[in-house]
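Participant: Structure: model-v9.cif, mmCIF, C-alpha atoms.
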```
data_target
loop_
_atom_site.label_atom_id
_atom_site.label_comp_id
_atom_site.auth_asym_id
_atom_site.auth_seq_id
_atom_site.Cartn_x
_atom_site.Cartn_y
_atom_site.Cartn_z
CA MET B 1 -25.37 49.52 21.80
CA LYS B 2 -24.83 49.08 25.56
CA LYS B 3 -21.64 47.05 24.95
CA LEU B 4 -20.36 49.70 22.52
CA ALA B 5 -20.98 52.41 25.13
CA GLN B 6 -19.01 50.45 27.73
CA ILE B 7 -16.06 49.97 25.37
CA THR B 8 -16.15 53.66 24.41
CA ALA B 9 -16.20 54.77 28.06
CA ILE B 10 -13.22 52.56 28.92
CA SER B 11 -11.31 53.85 25.88
CA VAL B 12 -11.95 57.46 26.91
CA ILE B 13 -10.64 56.79 30.44
CA VAL B 14 -7.48 55.11 29.15
CA ALA B 15 -6.84 57.80 26.54
CA GLY B 16 -7.36 60.57 29.08
CA LEU B 17 -5.01 59.13 31.70
CA SER B 18 -2.36 57.54 29.49
CA SER B 19 -0.61 60.90 29.14
CA LEU B 20 0.07 61.08 32.89
CA PRO B 21 3.82 60.83 33.63
CA ALA B 22 5.17 58.02 35.78
CA GLN B 23 5.54 59.18 39.38
CA ALA B 24 9.11 60.14 40.27
CA ALA B 25 10.46 59.52 43.75
CA THR B 26 12.73 61.49 46.04
CA PHE B 27 14.85 59.61 48.57
CA THR B 28 16.13 60.79 51.95
CA GLU B 29 19.01 58.93 53.58
CA SER B 30 17.87 56.75 56.47
CA ASP B 31 20.37 56.14 59.26
CA ASP B 32 23.84 56.59 57.73
CA ALA B 33 24.69 55.28 54.28
CA GLY B 34 27.90 53.26 54.21
CA GLU B 35 31.10 53.79 52.22
CA THR B 36 31.51 50.30 50.71
CA LEU B 37 29.46 48.17 48.33
CA SER B 38 28.33 45.93 51.17
CA THR B 39 27.16 48.85 53.31
CA ALA B 40 25.77 51.09 50.56
CA GLN B 41 22.19 52.18 51.11
CA ILE B 42 19.67 50.39 48.88
CA LEU B 43 16.95 52.86 47.98
CA SER B 44 14.05 50.53 47.26
CA THR B 45 13.23 47.10 45.88
CA MET B 46 10.35 48.61 43.92
CA PRO B 47 11.49 50.20 40.64
CA MET B 48 10.44 53.79 40.08
CA PRO B 49 12.04 56.90 38.56
CA LEU B 50 14.26 58.74 41.04
CA GLU B 51 14.75 62.49 40.83
CA SER B 52 16.87 63.23 43.90
CA ILE B 53 18.73 61.83 46.90
CA SER B 54 19.09 63.86 50.10
CA GLY B 55 21.28 63.16 53.09
CA MET B 56 23.82 64.42 55.60
CA LEU B 57 27.60 64.12 55.63
CA SER B 58 29.70 64.47 58.76
CA GLY B 59 33.17 64.20 57.25
CA ASP B 60 32.54 60.75 55.80
CA ALA B 61 31.19 59.49 52.47
CA ASP B 62 27.77 58.16 51.49
CA LEU B 63 27.21 55.44 48.88
CA PHE B 64 23.85 54.60 47.30
CA GLN B 65 22.82 51.73 45.05
CA ILE B 66 20.91 52.95 41.97
CA PHE B 67 19.76 51.46 38.69
CA LEU B 68 20.46 52.93 35.26
CA THR B 69 18.61 51.95 32.10
CA SER B 70 20.22 51.94 28.66
CA GLY B 71 18.88 54.75 26.52
CA GLN B 72 18.10 57.03 29.46
CA THR B 73 20.44 59.97 30.01
CA PHE B 74 22.12 59.85 33.42
CA SER B 75 23.28 62.91 35.30
CA ALA B 76 23.85 63.85 38.94
CA THR B 77 24.63 67.22 40.50
CA THR B 78 24.90 68.91 43.89
CA VAL B 79 24.88 72.41 42.35
CA GLY B 80 22.29 74.35 44.35
CA GLY B 81 21.88 71.40 46.69
CA ALA B 82 24.80 71.66 49.13
CA ASP B 83 26.65 74.37 51.05
CA PHE B 84 29.97 72.53 51.39
CA ASP B 85 32.69 71.35 48.99
CA THR B 86 31.37 68.10 47.50
CA GLN B 87 32.71 65.33 45.29
CA LEU B 88 30.61 62.88 43.26
CA PHE B 89 31.62 59.40 42.09
CA LEU B 90 29.96 56.68 40.04
CA PHE B 91 30.91 52.99 40.24
CA ASP B 92 29.61 49.96 38.38
CA LYS B 93 27.97 46.99 40.09
CA ASP B 94 31.36 45.44 40.89
CA GLY B 95 32.79 48.63 42.38
CA PHE B 96 34.97 49.69 39.45
CA GLY B 97 35.12 53.44 38.96
CA VAL B 98 33.18 54.93 36.04
CA TYR B 99 33.71 58.69 36.44
CA SER B 100 33.89 61.45 39.00
CA ASN B 101 33.86 65.21 39.44
CA ASP B 102 35.17 67.46 42.18
CA GLU B 103 33.95 70.89 41.15
CA SER B 104 31.35 71.69 38.51
CA THR B 105 32.43 74.47 36.16
CA GLY B 106 31.35 77.84 37.52
CA SER B 107 30.13 76.49 40.86
CA MET B 108 31.38 77.23 44.35
CA GLY B 109 32.60 73.75 45.26
CA GLN B 110 29.63 71.69 44.10
CA SER B 111 29.93 68.73 41.74
CA THR B 112 28.30 67.39 38.57
CA LEU B 113 28.42 64.08 36.71
CA PRO B 114 27.14 65.43 33.40
CA MET B 115 24.97 63.80 30.80
CA ASN B 116 26.31 63.04 27.31
CA ASN B 117 29.87 62.81 28.59
CA PRO B 118 32.29 60.26 27.08
CA PHE B 119 32.31 58.53 30.49
CA THR B 120 28.51 58.48 30.84
CA PRO B 121 27.43 54.82 31.25
CA THR B 122 25.38 53.28 28.44
CA LYS B 123 24.68 49.82 29.88
CA SER B 124 21.67 48.96 32.01
CA GLY B 125 22.30 47.67 35.50
CA ILE B 126 23.15 48.38 39.11
CA TYR B 127 25.53 51.25 39.82
CA TYR B 128 26.73 52.97 42.97
CA LEU B 129 26.62 56.74 43.42
CA GLY B 130 29.00 58.18 46.00
CA ILE B 131 29.33 61.60 47.60
CA SER B 132 32.03 62.91 49.91
CA GLY B 133 33.69 66.11 51.02
CA PHE B 134 36.80 67.47 49.32
CA ASP B 135 39.82 65.11 49.36
CA TYR B 136 38.05 62.20 51.06
CA ASP B 137 38.47 59.82 48.15
CA PRO B 138 37.59 56.27 47.04
CA VAL B 139 40.50 53.84 47.04
CA SER B 140 41.11 50.25 45.96
CA ASN B 141 43.78 47.86 47.17
CA LYS B 142 46.18 49.60 44.77
CA GLY B 143 45.49 53.21 45.63
CA GLU B 144 43.20 56.04 44.64
CA ILE B 145 40.70 55.11 41.93
CA PHE B 146 40.35 58.61 40.46
CA PRO B 147 43.01 61.31 39.93
CA ASP B 148 43.41 63.47 43.03
CA PHE B 149 43.92 67.21 43.49
CA PRO B 150 47.75 66.94 43.75
CA ASP B 151 47.58 66.22 40.00
CA PHE B 152 46.59 69.87 39.43
CA PRO B 153 47.20 71.59 37.00
CA ASP B 154 47.39 68.48 34.79
CA VAL B 155 43.95 67.53 36.09
CA ALA B 156 41.82 70.60 36.77
CA PHE B 157 39.46 70.72 39.74
CA ASP B 158 36.47 71.04 37.40
CA ALA B 159 37.50 68.13 35.17
CA VAL B 160 35.23 65.13 34.73
CA VAL B 161 37.62 62.20 35.06
CA GLY B 162 37.54 58.46 34.57
CA ALA B 163 39.12 55.83 36.80
CA THR B 164 42.71 56.66 35.86
CA GLY B 165 44.22 56.82 39.34
CA PHE B 166 46.84 54.33 40.54
CA GLY B 167 44.07 52.08 41.83
CA GLY B 168 41.70 52.61 38.93
CA ASP B 169 41.93 49.06 37.60
CA SER B 170 40.65 47.56 40.86
CA PRO B 171 37.28 47.83 42.63
CA LEU B 172 36.37 50.09 45.51
CA LYS B 173 37.67 49.02 48.90
CA GLU B 174 36.88 52.10 51.01
CA PHE B 175 37.18 55.88 51.19
CA ASP B 176 40.30 57.45 52.64
CA GLY B 177 42.11 60.76 52.85
CA ALA B 178 42.19 64.01 54.74
CA ILE B 179 38.79 65.15 55.96
CA LEU B 180 39.02 68.79 54.93
CA SER B 181 35.29 69.46 54.99
CA SER B 182 32.99 69.11 57.98
CA GLY B 183 30.19 68.27 55.58
CA GLY B 184 26.55 69.18 55.94
CA SER B 185 23.22 68.46 54.32
CA TYR B 186 23.00 67.80 50.58
CA THR B 187 20.60 67.02 47.77
CA ILE B 188 21.80 65.27 44.61
CA ALA B 189 19.52 66.09 41.67
CA LEU B 190 19.29 63.17 39.22
CA THR B 191 18.15 62.30 35.72
CA GLY B 192 17.86 58.87 34.11
CA VAL B 193 17.89 57.01 37.44
CA GLN B 194 15.64 54.31 38.87
CA THR B 195 15.50 53.06 42.44
CA ALA B 196 15.83 49.43 41.34
CA GLY B 197 15.86 47.17 38.30
CA ASN B 198 14.76 43.63 37.48
CA THR B 199 11.24 44.62 36.49
CA SER B 200 10.28 47.43 34.19
CA ILE B 201 8.36 50.43 35.43
CA PRO B 202 4.82 50.20 34.03
CA GLU B 203 3.69 53.28 32.18
CA PRO B 204 0.27 54.57 33.27
CA SER B 205 -1.14 53.67 29.84
CA SER B 206 0.01 50.05 30.25
CA ALA B 207 -1.47 49.71 33.70
CA LEU B 208 -4.72 51.32 32.63
CA GLY B 209 -4.83 49.10 29.58
CA ILE B 210 -4.74 46.07 31.86
CA LEU B 211 -7.51 47.57 34.00
CA ALA B 212 -9.54 48.29 30.89
CA LEU B 213 -9.26 44.70 29.67
CA GLY B 214 -10.25 43.48 33.10
CA ALA B 215 -13.28 45.76 33.18
CA LEU B 216 -14.32 44.69 29.69
CA GLY B 217 -13.99 41.03 30.65
CA ALA B 218 -16.07 41.55 33.77
CA SER B 219 -18.73 43.32 31.73
CA ARG B 220 -18.94 40.45 29.24
CA LEU B 221 -19.18 37.90 32.05
CA LYS B 222 -22.01 39.88 33.62
CA ASN B 223 -23.89 40.07 30.31
CA GLN B 224 -23.49 36.35 29.72
CA LYS B 225 -24.80 35.64 33.21
CA ASN B 226 -27.82 37.91 32.69
CA ASN B 227 -28.65 36.15 29.41
CA LEU B 228 -28.79 32.69 30.99
CA PRO B 229 -32.32 31.24 31.10
CA SER B 230 -33.83 31.37 34.58
#
```
As structure tokens, how would this structure be written, given the file I've shared?

Facilitator:
Amino acid sequence: MKKLAQITAISVIVAGLSSLPAQAATFTESDDAGETLSTAQILSTMPMPLESISGMLSGDADLFQIFLTSGQTFSATTVGGADFDTQLFLFDKDGFGVYSNDESTGSMGQSTLPMNNPFTPTKSGIYYLGISGFDYDPVSNKGEIFPDFPDFPDVAFDAVVGATGFGGDSPLKEFDGAILSSGGSYTIALTGVQTAGNTSIPEPSSALGILALGALGASRLKNQKNNLPS
């Protein structure tokens, strides 16, 4: 009866806490994030869900290394999170452009990489999320990776575009262009993003299950010890 009560108590604890969501993190830029793959800011080596990145631009660009998991819906937006004209860019682990946006539809200069877009990545792995002010753009050795505003009206300011610029078939080298915005503080709201990969994020139920097994094992060991003849 005592053993049954112990098992029941552990089960109740696990069942009660297994519904808790995994803790999501917010990240604030430390020092100044770079503009190239080698100088991009790495958020953390410990994988956890990431709900936002905050930082400061002073006419440059910031690049952050993130991790996307297949099956999770990625999105990023500065709408409501910046008071200057932003641009957002996503690159794969090798620096090839995935998609970008200058101006989110209906916003006043803020940007969105939307979910469920034809360009939305579907493969797990490391990606790089970039932010800059208007017309300070990512380039490769061959030229601009994404279409630029001189392509208007063929490419509207609020269009979500793939890497179809003259340099779109080559990886990111740097950012270049006229610095038309003095920048400012920003927050990029995110969905479907982790700080790092390599190991999966344990759900609370999984972690508690391990604790429960450990507690049950310790209880059995204690009972066996108590039953030994003195």

Participant: Which residue is closest to B:Pro47? Choose from B:Asn117, B:Ser181, B:Gln194, B:Ser170 and count all atoms listed in the file.

Facilitator: B:Gln194

Participant: Determine the residue set returned by the PyMOL selection byres ((chain B and resi 92) around 10) for the present structure, and present it as number ranges by chain.

Facilitator: B: 65-67, 90-91, 93-99, 121, 123, 125-129, 171-172

Participant: Extract, using all atoms listed in the file, all DNA, RNA and protein residues at most 9 Å from B:Ser58, discarding same-chain residues fewer than 3 positions from it, and format them as a PyMOL selection string.

Facilitator: chain B and resi 61+133+181-185

Participant: What does the distance between atom CA of B:Gly168 and atom CA of B:Phe134 come to in Å, to one decimal place?

Facilitator: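 Interatomic distance, atom CA of B:Gly168 to atom CA of B:Phe134: 18.8 Å.
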
Participant: Expand the PyMOL selection byres ((chain B and resi 70) around 10) into the individual residues it matches in the shown file, reporting them as a tab-separated table (two decimals) with C-alpha atoms, in the coordinates of the input.

Facilitator:
```tsv
chain	number	residue	atom	x	y	z
B	68	LEU	CA	20.46	52.93	35.26
B	69	THR	CA	18.61	51.95	32.10
B	71	GLY	CA	18.88	54.75	26.52
B	72	GLN	CA	18.10	57.03	29.46
B	73	THR	CA	20.44	59.97	30.01
B	74	PHE	CA	22.12	59.85	33.42
B	121	PRO	CA	27.43	54.82	31.25
B	122	THR	CA	25.38	53.28	28.44
B	123	LYS	CA	24.68	49.82	29.88
B	124	SER	CA	21.67	48.96	32.01
B	125	GLY	CA	22.30	47.67	35.50
B	192	GLY	CA	17.86	58.87	34.11
```

Participant: The PyMOL selection byres ((chain B and resi 63) around 7) on the file shown: which residues, as a PDB file with C-alpha atoms, in the frame of the given file?

Facilitator:
```pdb
ATOM      1  CA  ALA B  33      24.690  55.280  54.280  1.00  0.00           C
ATOM      2  CA  GLY B  34      27.900  53.260  54.210  1.00  0.00           C
ATOM      3  CA  GLU B  35      31.100  53.790  52.220  1.00  0.00           C
ATOM      4  CA  THR B  36      31.510  50.300  50.710  1.00  0.00           C
ATOM      5  CA  ALA B  40      25.770  51.090  50.560  1.00  0.00           C
ATOM      6  CA  GLN B  41      22.190  52.180  51.110  1.00  0.00           C
ATOM      7  CA  ALA B  61      31.190  59.490  52.470  1.00  0.00           C
ATOM      8  CA  ASP B  62      27.770  58.160  51.490  1.00  0.00           C
ATOM      9  CA  PHE B  64      23.850  54.600  47.300  1.00  0.00           C
ATOM     10  CA  GLN B  65      22.820  51.730  45.050  1.00  0.00           C
ATOM     11  CA  TYR B 128      26.730  52.970  42.970  1.00  0.00           C
ATOM     12  CA  LEU B 129      26.620  56.740  43.420  1.00  0.00           C
ATOM     13  CA  GLY B 130      29.000  58.180  46.000  1.00  0.00           C
ATOM     14  CA  ILE B 131      29.330  61.600  47.600  1.00  0.00           C
TER      15      ILE B 131
END
```
